[in-house]
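Asker: Here you go, one structure.
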Amino acid sequence: MGAFYKIIISDYKQRTRSYAFLVALAISLYAAYSFVPAPDAAYNTVRVGNYIGVQNAAWIGYVTAMMSSIFLSWIGFYLVNSGIKKDIDTGVGSIIATTAISNFSYLLAKTWSNFLVLLTIVGCVFLMAITLFFIRSGAYPFQISQFILPYLFITIPAIFFTAALAVVAEVFLYRYTIVMNIAYFIFFCTVVSMQVTLSSSIDIIGSKPVFAVMQQTVFQQSHDASQAVSMGFMFGSKRHFHYFEFHGIRWTVQAIFSRVILVCFALLLVFISSRFFHRFEIRQKFRAKKKSNFPQIIAQVQPLHDIKLSALPPIVPAYGIMPFIKTELLMLFRKGPRWLWFINLGGMIALIFAPLTIAHQMVLPILWFLQVGRWSDLATKEKTNRIHYFTYASYKPLGRLLPAQIIAGIVLALALAFPLLLRYLVGMQFLPILSIIMGAIFIVLFAVAFGILSGGKKLFEILFFLFTYANIEKIPFLDYFGGMNQGVSYTLLIAGFIGFFALLSFMLRRMEIRRV
């Protein structure tokens with residue numbers, strides 16, 4: 001039992017001291033502040049038909065709890081889904097494999113450490129929600145129960161399920177990180193889109209009983225039973241909306257039991273995955289496979305006395321950047337499972353035949369998101385594989401290697417977007433072409449800058465997921481490729497961000513090279 005708690009504590013400390021956690025915490029606090037819009041804000045987050053709740057304790061508490069449940073289920077998975085992989089990369093897993101701790105205890109410890117990381121963020125968001133009440137509630141009385149109950153029964157079970165799902169995904173998809181990220185993206189979008197129609201027994205987000213009470217309250221005021229509940233960042237004027245007073249819900253035994261069932265189901269998934277856990281035997285199998293091929297390789301090598309130096313081609317030094325670009329493109333192309341390229345090809349075909357607006361606003365960001373595993377470690381794979389001591393000591397690493405990595409990433413993005421660029425070119429629409437090109441440059445430089453800044457790929461994966469989902473939900477201020485904004489001023493703004501990320505990337509890399 002001592003090893004169980006030590007794994008939880010050490011893993012929690014390691015995660016909460018990372019750049020990715022600090023950025024996720026900052027984003028969560030900013031998001032929590034925006035969950036309850038100001039009265040003059042041009043958007044709303046929860047509404048029932050044309051009705052919005054007055055900002056009393058119940059409305060602020062339940063809205064922030066439901067939105068936090070969605071938001072942390074969203075970015076939380078990408079924040080905590082590398083605990084087992086980190087043990088493999090650092091060699092800690094080999095030590096754990098020799099101890100007496102069982103597979104289930106180890107995976108359960110990882111689940112609890114994931115949960116505590118997300119719970120820390122929830123605690124900060126909870127305090128932000130209470131602060132928002134005193135800022136925006138006016139004369140409504142403060143009721144602490146209207147904050148504690150929704151976070152206890154809505155948000156906490158949801159993040160526990162997310163923490164457990166991250167462990168289960170690592171067990172079954174530890175070799176396919178790209179597939180794991182994409183699969184969860186599809187799963188999350190499906191859950192959010194179906195949250196209104198799900199039965200309360202399988203309501204992962206936990207919003208079903210709250211929606212029912214909100215609809216009932218609006219019906220008592222408007223006598224219209226067809227008012228549908230909408231949740232998310234919905235932009236538009238509030239002049240045509242009416243207000244109603246929401247007083248919270250009465251938590252029944254059935255509603256509480258459904259949340260307990262969700263937690264038990266998460267524990268069951270962890271228990272089942274423990275039966276298939278590899279227990280860190282990956283490298284041993286890999287080495288055994290490699291060793292079995294050594295005799296064949298050695299047998300094919302010619303003896304040294306048969307090599308004639310005069311017959312070898314002359315050594316021609318190449319100080320240009322093109323060999324680096326070719327190598328980086330080849331590594332980008334080969335990374336990930338081969339069948340993913342069939343999906344990429346399908347996305348490029350969709351760019352040809354889909355309506356132009358859908359192709360630009362929906363297909364393109366999803367197609368680029370499929371490359372998250374390729375771009376996330378574009379400028380950090382040398383450190384991950386511990387060869388940065390050699391690459392940083394090479395001839396002009398700042399003038400050849402880093403620009404080659406950036407150019408290769410941009411070429412990949414533009415190659416995938418080529419069918420859409422061609423359609424705009426045929427239609428003589430040059431501003432969307434410029435927006436897509438700048439979007440490709442932006443996202444690659446964004447990956448490089450945040451990769452170098454954080455020293456890993458986790459931070460970029462979280463933020464890229466945020467950007468992609470926000471663009472699918474048509475949130476205009478996170479549009480980086482001109483899907484919703486194609487004005488000159490917005491193009492200049494993206495150009496400014498491109499210049500900033502380029503400068504930041506080269507400055508950070510220069511500092512790294514000097515420290516080596």
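Convention: chains lettered A, B, ... in structure tokens order; per-chain residue numbering from 1; ligands numbered from 1 as shown.
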With only C-alpha atoms as the counted atoms, please give the residues lying no more than 8 Å from Tyr19 of chain A, apart from itself and same-chain residues fewer than 3 positions off, as a PDB file with N, CA, C and O atoms, in the first residue's frame.

Answerer:
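In the end it all went to result-v4.pdb:
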ATOM      1  N   LEU A  22       0.464  24.410 -15.805  1.00  0.00           N
ATOM      2  CA  LEU A  22       0.288  25.833 -15.521  1.00  0.00           C
ATOM      3  C   LEU A  22      -0.514  26.514 -16.617  1.00  0.00           C
ATOM      4  O   LEU A  22      -1.394  27.345 -16.334  1.00  0.00           O
ATOM      5  N   VAL A  23      -0.234  26.167 -17.875  1.00  0.00           N
ATOM      6  CA  VAL A  23      -0.986  26.761 -18.980  1.00  0.00           C
ATOM      7  C   VAL A  23      -2.434  26.293 -18.949  1.00  0.00           C
ATOM      8  O   VAL A  23      -3.368  27.084 -19.156  1.00  0.00           O
ATOM      9  N   SER A 454       7.988  24.451 -23.649  1.00  0.00           N
ATOM     10  CA  SER A 454       7.619  23.460 -22.641  1.00  0.00           C
ATOM     11  C   SER A 454       8.566  22.274 -22.600  1.00  0.00           C
ATOM     12  O   SER A 454       8.542  21.494 -21.647  1.00  0.00           O
ATOM     13  N   LEU A 459       1.824  20.341 -24.229  1.00  0.00           N
ATOM     14  CA  LEU A 459       1.206  21.661 -24.208  1.00  0.00           C
ATOM     15  C   LEU A 459       0.593  21.996 -25.563  1.00  0.00           C
ATOM     16  O   LEU A 459      -0.539  22.491 -25.645  1.00  0.00           O
TER      17      LEU A 459
END

Asker: Using backbone DSSP assignments, extract all helix (DSSP H, G or I) residues from segment 180-286 of chain A; output them as a VMD selection string.

Answerer: chain A and resid 180 to 193 200 to 202 208 to 222 253 to 274 282 to 286

Asker: Counting only C-alpha atoms, which residues of segment 173-265 of chain A fall within 8 Å of segment 46-69 of chain A, and what is the closest atom pair for each with its distance in Å at one decimal, ordered by chain and rising number, as a tab-separated table?

Answerer:
residue	atom	partner	partner_atom	distance
A:Ile205	CA	A:Ser69	CA	5.9
A:Gly206	CA	A:Met66	CA	7.2
A:Ser207	CA	A:Met66	CA	6.2
A:Val210	CA	A:Tyr62	CA	7.9
A:Met214	CA	A:Val48	CA	7.2
A:Gln215	CA	A:Val48	CA	6.6
A:Val218	CA	A:Val48	CA	7.3
A:Gln227	CA	A:Gly49	CA	4.6
A:Ala228	CA	A:Gly49	CA	5.3
A:Val229	CA	A:Val48	CA	4.4
A:Ser230	CA	A:Arg47	CA	5.5
A:Met231	CA	A:Val46	CA	4.5
A:Gly232	CA	A:Val46	CA	6.5
A:His240	CA	A:Asn50	CA	7.3
A:Phe241	CA	A:Asn50	CA	4.9
A:His242	CA	A:Tyr51	CA	4.7
A:Tyr243	CA	A:Ile52	CA	4.9
A:Phe244	CA	A:Gly53	CA	4.9
A:Glu245	CA	A:Val54	CA	5.5
A:Phe246	CA	A:Trp59	CA	6.0
A:His247	CA	A:Ala58	CA	5.4
A:Gly248	CA	A:Ala58	CA	5.0

Asker: Leaving out Ala163 of chain A and any residue of its chain fewer than 2 positions from it, which residues lie within 6 Å of it when counting only C-alpha atoms, given as a PyMOL selection string?

Answerer: chain A and resi 111+114-115+160-161+165-166

Asker: Figure out the distance between atom CA of Ile443 of chain A and atom CA of Ala408 of chain A, please, to one decimal in Å.

Answerer: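 Those two atoms sit 12.6 Å apart.
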
Asker: Report as a list in words all protein, DNA and RNA residues lying within 7 Å of segment 339-352 of chain A, evaluated on only C-alpha atoms, omitting residues in the same chain fewer than 5 positions from it.

Answerer: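 Contacts, with the query itself left out: Ala359, Val363, Leu367, Leu416, Pro419 and Leu420 of chain A.
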
Asker: Pick out the residues sitting within 10 Å of Leu412 of chain A, and hand them over as a PyMOL selection string; count only C-alpha atoms, and ignore anything fewer than 6 positions along from it in its own chain.

Answerer: chain A and resi 329+332-333+368+371+374-375+418+440+444

Asker: What would the file look like if the residues just selected were written as a CSV table (one decimal), in the first residue's frame with C-alpha atoms?

Answerer:
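out.csv was written with the following content:
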chain,number,residue,atom,x,y,z
A,329,LEU,CA,9.7,15.8,-44.7
A,332,LEU,CA,7.0,13.6,-41.0
A,333,PHE,CA,5.6,11.4,-43.8
A,368,TRP,CA,-4.9,19.6,-39.9
A,371,GLN,CA,-1.4,15.8,-37.9
A,374,ARG,CA,3.5,14.9,-36.4
A,375,TRP,CA,3.7,18.6,-35.5
A,418,PHE,CA,-3.8,22.0,-51.7
A,440,ALA,CA,-0.4,26.9,-42.0
A,444,VAL,CA,3.5,25.2,-37.4

Asker: Just want the 10 Å neighbourhood of segment 78-95 of chain A, counted on only C-alpha atoms, with same-chain residues fewer than 2 positions away dropped. Output as a PDB file with C-alpha atoms, in the first residue's frame.

Answerer:
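The file below, selection.pdb, is the result:
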ATOM      1  CA  ASP A  11       3.127  11.490 -10.167  1.00  0.00           C
ATOM      2  CA  TYR A  12       0.946  14.342  -8.915  1.00  0.00           C
ATOM      3  CA  GLN A  14       5.624  15.853 -11.331  1.00  0.00           C
ATOM      4  CA  ARG A  15       2.533  16.795 -13.323  1.00  0.00           C
ATOM      5  CA  ALA A  20       1.449  22.170 -19.514  1.00  0.00           C
ATOM      6  CA  PHE A  21      -0.326  22.142 -16.145  1.00  0.00           C
ATOM      7  CA  ALA A  24      -4.008  24.468 -18.603  1.00  0.00           C
ATOM      8  CA  LEU A  72     -12.086  19.675 -18.246  1.00  0.00           C
ATOM      9  CA  SER A  73     -13.319  16.500 -19.903  1.00  0.00           C
ATOM     10  CA  TRP A  74     -12.115  18.196 -23.062  1.00  0.00           C
ATOM     11  CA  ILE A  75      -8.579  19.354 -22.223  1.00  0.00           C
ATOM     12  CA  GLY A  76      -8.142  17.127 -19.166  1.00  0.00           C
ATOM     13  CA  ALA A  97       7.673  -3.963 -12.938  1.00  0.00           C
ATOM     14  CA  THR A  98      10.017  -5.640 -10.432  1.00  0.00           C
ATOM     15  CA  THR A  99       8.001  -4.580  -7.386  1.00  0.00           C
ATOM     16  CA  TYR A 106      -0.572   0.589 -10.459  1.00  0.00           C
ATOM     17  CA  LEU A 107      -3.251   1.632 -12.948  1.00  0.00           C
ATOM     18  CA  LYS A 110      -2.288   6.470 -12.113  1.00  0.00           C
ATOM     19  CA  THR A 111      -6.039   7.073 -12.250  1.00  0.00           C
ATOM     20  CA  SER A 113      -3.018  10.936  -9.758  1.00  0.00           C
ATOM     21  CA  ASN A 114      -4.793  11.979 -12.976  1.00  0.00           C
ATOM     22  CA  PHE A 115      -7.914  12.734 -10.954  1.00  0.00           C
ATOM     23  CA  VAL A 117      -4.433  16.909 -11.121  1.00  0.00           C
ATOM     24  CA  LEU A 118      -7.842  17.651 -12.633  1.00  0.00           C
ATOM     25  CA  THR A 162     -11.852  11.289 -17.835  1.00  0.00           C
ATOM     26  CA  ALA A 163      -8.902  10.403 -15.583  1.00  0.00           C
ATOM     27  CA  ALA A 164      -9.742   6.697 -15.779  1.00  0.00           C
ATOM     28  CA  LEU A 165     -10.349   6.827 -19.526  1.00  0.00           C
ATOM     29  CA  ALA A 166      -6.896   8.354 -20.041  1.00  0.00           C
ATOM     30  CA  VAL A 167      -5.309   5.360 -18.263  1.00  0.00           C
ATOM     31  CA  VAL A 168      -7.404   2.842 -20.219  1.00  0.00           C
ATOM     32  CA  ALA A 169      -6.502   4.537 -23.503  1.00  0.00           C
ATOM     33  CA  GLU A 170      -2.808   4.344 -22.659  1.00  0.00           C
ATOM     34  CA  VAL A 171      -3.041   0.632 -21.926  1.00  0.00           C
ATOM     35  CA  TYR A 174       0.247   3.019 -26.030  1.00  0.00           C
ATOM     36  CA  ARG A 175       1.873   2.505 -29.439  1.00  0.00           C
ATOM     37  CA  THR A 177      -0.617   8.111 -29.687  1.00  0.00           C
ATOM     38  CA  MET A 180      -5.585   7.792 -29.190  1.00  0.00           C
ATOM     39  CA  ASN A 181      -5.813  11.568 -29.576  1.00  0.00           C
ATOM     40  CA  TYR A 184     -10.886  10.768 -27.989  1.00  0.00           C
ATOM     41  CA  PHE A 185     -11.582  13.834 -30.115  1.00  0.00           C
ATOM     42  CA  ARG A 279       3.683  -4.267 -17.355  1.00  0.00           C
ATOM     43  CA  PHE A 280       6.570  -2.509 -19.106  1.00  0.00           C
ATOM     44  CA  GLU A 281       7.692  -5.517 -21.165  1.00  0.00           C
ATOM     45  CA  ILE A 282       7.768  -3.417 -24.348  1.00  0.00           C
ATOM     46  CA  ARG A 283      11.480  -2.733 -24.489  1.00  0.00           C
ATOM     47  CA  GLN A 284      12.434  -6.280 -23.584  1.00  0.00           C
ATOM     48  CA  THR A 384      13.126  13.335 -26.587  1.00  0.00           C
ATOM     49  CA  ASN A 385      15.589  10.939 -28.227  1.00  0.00           C
ATOM     50  CA  LYS A 458       1.831  17.918 -24.355  1.00  0.00           C
ATOM     51  CA  LEU A 459       1.206  21.661 -24.208  1.00  0.00           C
ATOM     52  CA  PHE A 460       0.770  22.000 -27.967  1.00  0.00           C
ATOM     53  CA  GLU A 461      -1.566  18.994 -28.116  1.00  0.00           C
ATOM     54  CA  ILE A 462      -3.853  20.580 -25.497  1.00  0.00           C
ATOM     55  CA  LEU A 463      -3.917  23.978 -27.185  1.00  0.00           C
ATOM     56  CA  PHE A 465      -7.284  20.509 -29.522  1.00  0.00           C
TER      57      PHE A 465
END

Asker: From the options A:Tyr469, A:Trp251, A:Phe71, A:Phe104, which residue's atoms come nearest to Ile272 of chain A, counting only C-alpha atoms?

Answerer: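 The shortest atom-to-atom distance to Ile272 of chain A comes from A:Phe104.
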
Asker: If you measure from atom CA of Ile27 of chain A to atom CA of Leu466 of chain A, what distance in Å do you get, rounded to one decimal?

Answerer: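 If I compute the distance from atom CA of Ile27 of chain A to atom CA of Leu466 of chain A, I get 10.0 Å.
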
Asker: Step one, run DSSP on the backbone; step two, keep only residues of segment 127-288 of chain A assigned to strand (DSSP E or B); then write them as a list in words.

Answerer: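 Result set for segment 127-288 of chain A (strand (DSSP E or B)): Val229, Ser230, Met231, Gly232, Phe233, Met234, Phe235, His242, Tyr243 and Phe244 of chain A.
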
Asker: Save out the residues we just selected, C-alpha atoms, as a PDB file, in the first residue's frame.

Answerer:
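Once everything was written out, this is again.pdb:
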ATOM      1  CA  VAL A 229     -31.575  23.701 -24.020  1.00  0.00           C
ATOM      2  CA  SER A 230     -28.359  24.851 -25.697  1.00  0.00           C
ATOM      3  CA  MET A 231     -24.929  24.895 -24.088  1.00  0.00           C
ATOM      4  CA  GLY A 232     -21.680  26.272 -25.446  1.00  0.00           C
ATOM      5  CA  PHE A 233     -20.299  29.619 -26.559  1.00  0.00           C
ATOM      6  CA  MET A 234     -23.161  31.037 -28.646  1.00  0.00           C
ATOM      7  CA  PHE A 235     -22.517  34.473 -30.130  1.00  0.00           C
ATOM      8  CA  HIS A 242     -36.017  36.829 -21.882  1.00  0.00           C
ATOM      9  CA  TYR A 243     -34.836  36.079 -18.356  1.00  0.00           C
ATOM     10  CA  PHE A 244     -35.990  33.510 -15.829  1.00  0.00           C
TER      11      PHE A 244
END

Asker: Which polymer residues have any atom within 7 Å of an atom of Phe501 of chain A, counting only C-alpha atoms, with same-chain residues fewer than 6 positions away left out, as a list of chain:residue names?

Answerer: A:Leu445, A:Phe446, A:Ala449

Asker: What is the atom CA of Gly2 of chain A-atom CA of Phe265 of chain A distance in Å, reported with one decimal?

Answerer: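 Atom CA of Gly2 of chain A sits 25.8 Å away from atom CA of Phe265 of chain A.
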
Asker: Which residue out of A:Phe390, A:Tyr140, A:Phe442, A:Phe276 has the minimum interatomic distance to Ile513 of chain A when only C-alpha atoms are used?

Answerer: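 Once distances to Ile513 of chain A are computed over only C-alpha atoms, the minimum belongs to A:Phe390.
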
Asker: Using only C-alpha atoms for the distances, tell me which of A:Ile433, A:Met438, A:Ala379, A:Ile261 is nearest to Gly496 of chain A.

Answerer: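 Closest residue, counting only C-alpha atoms: A:Met438.
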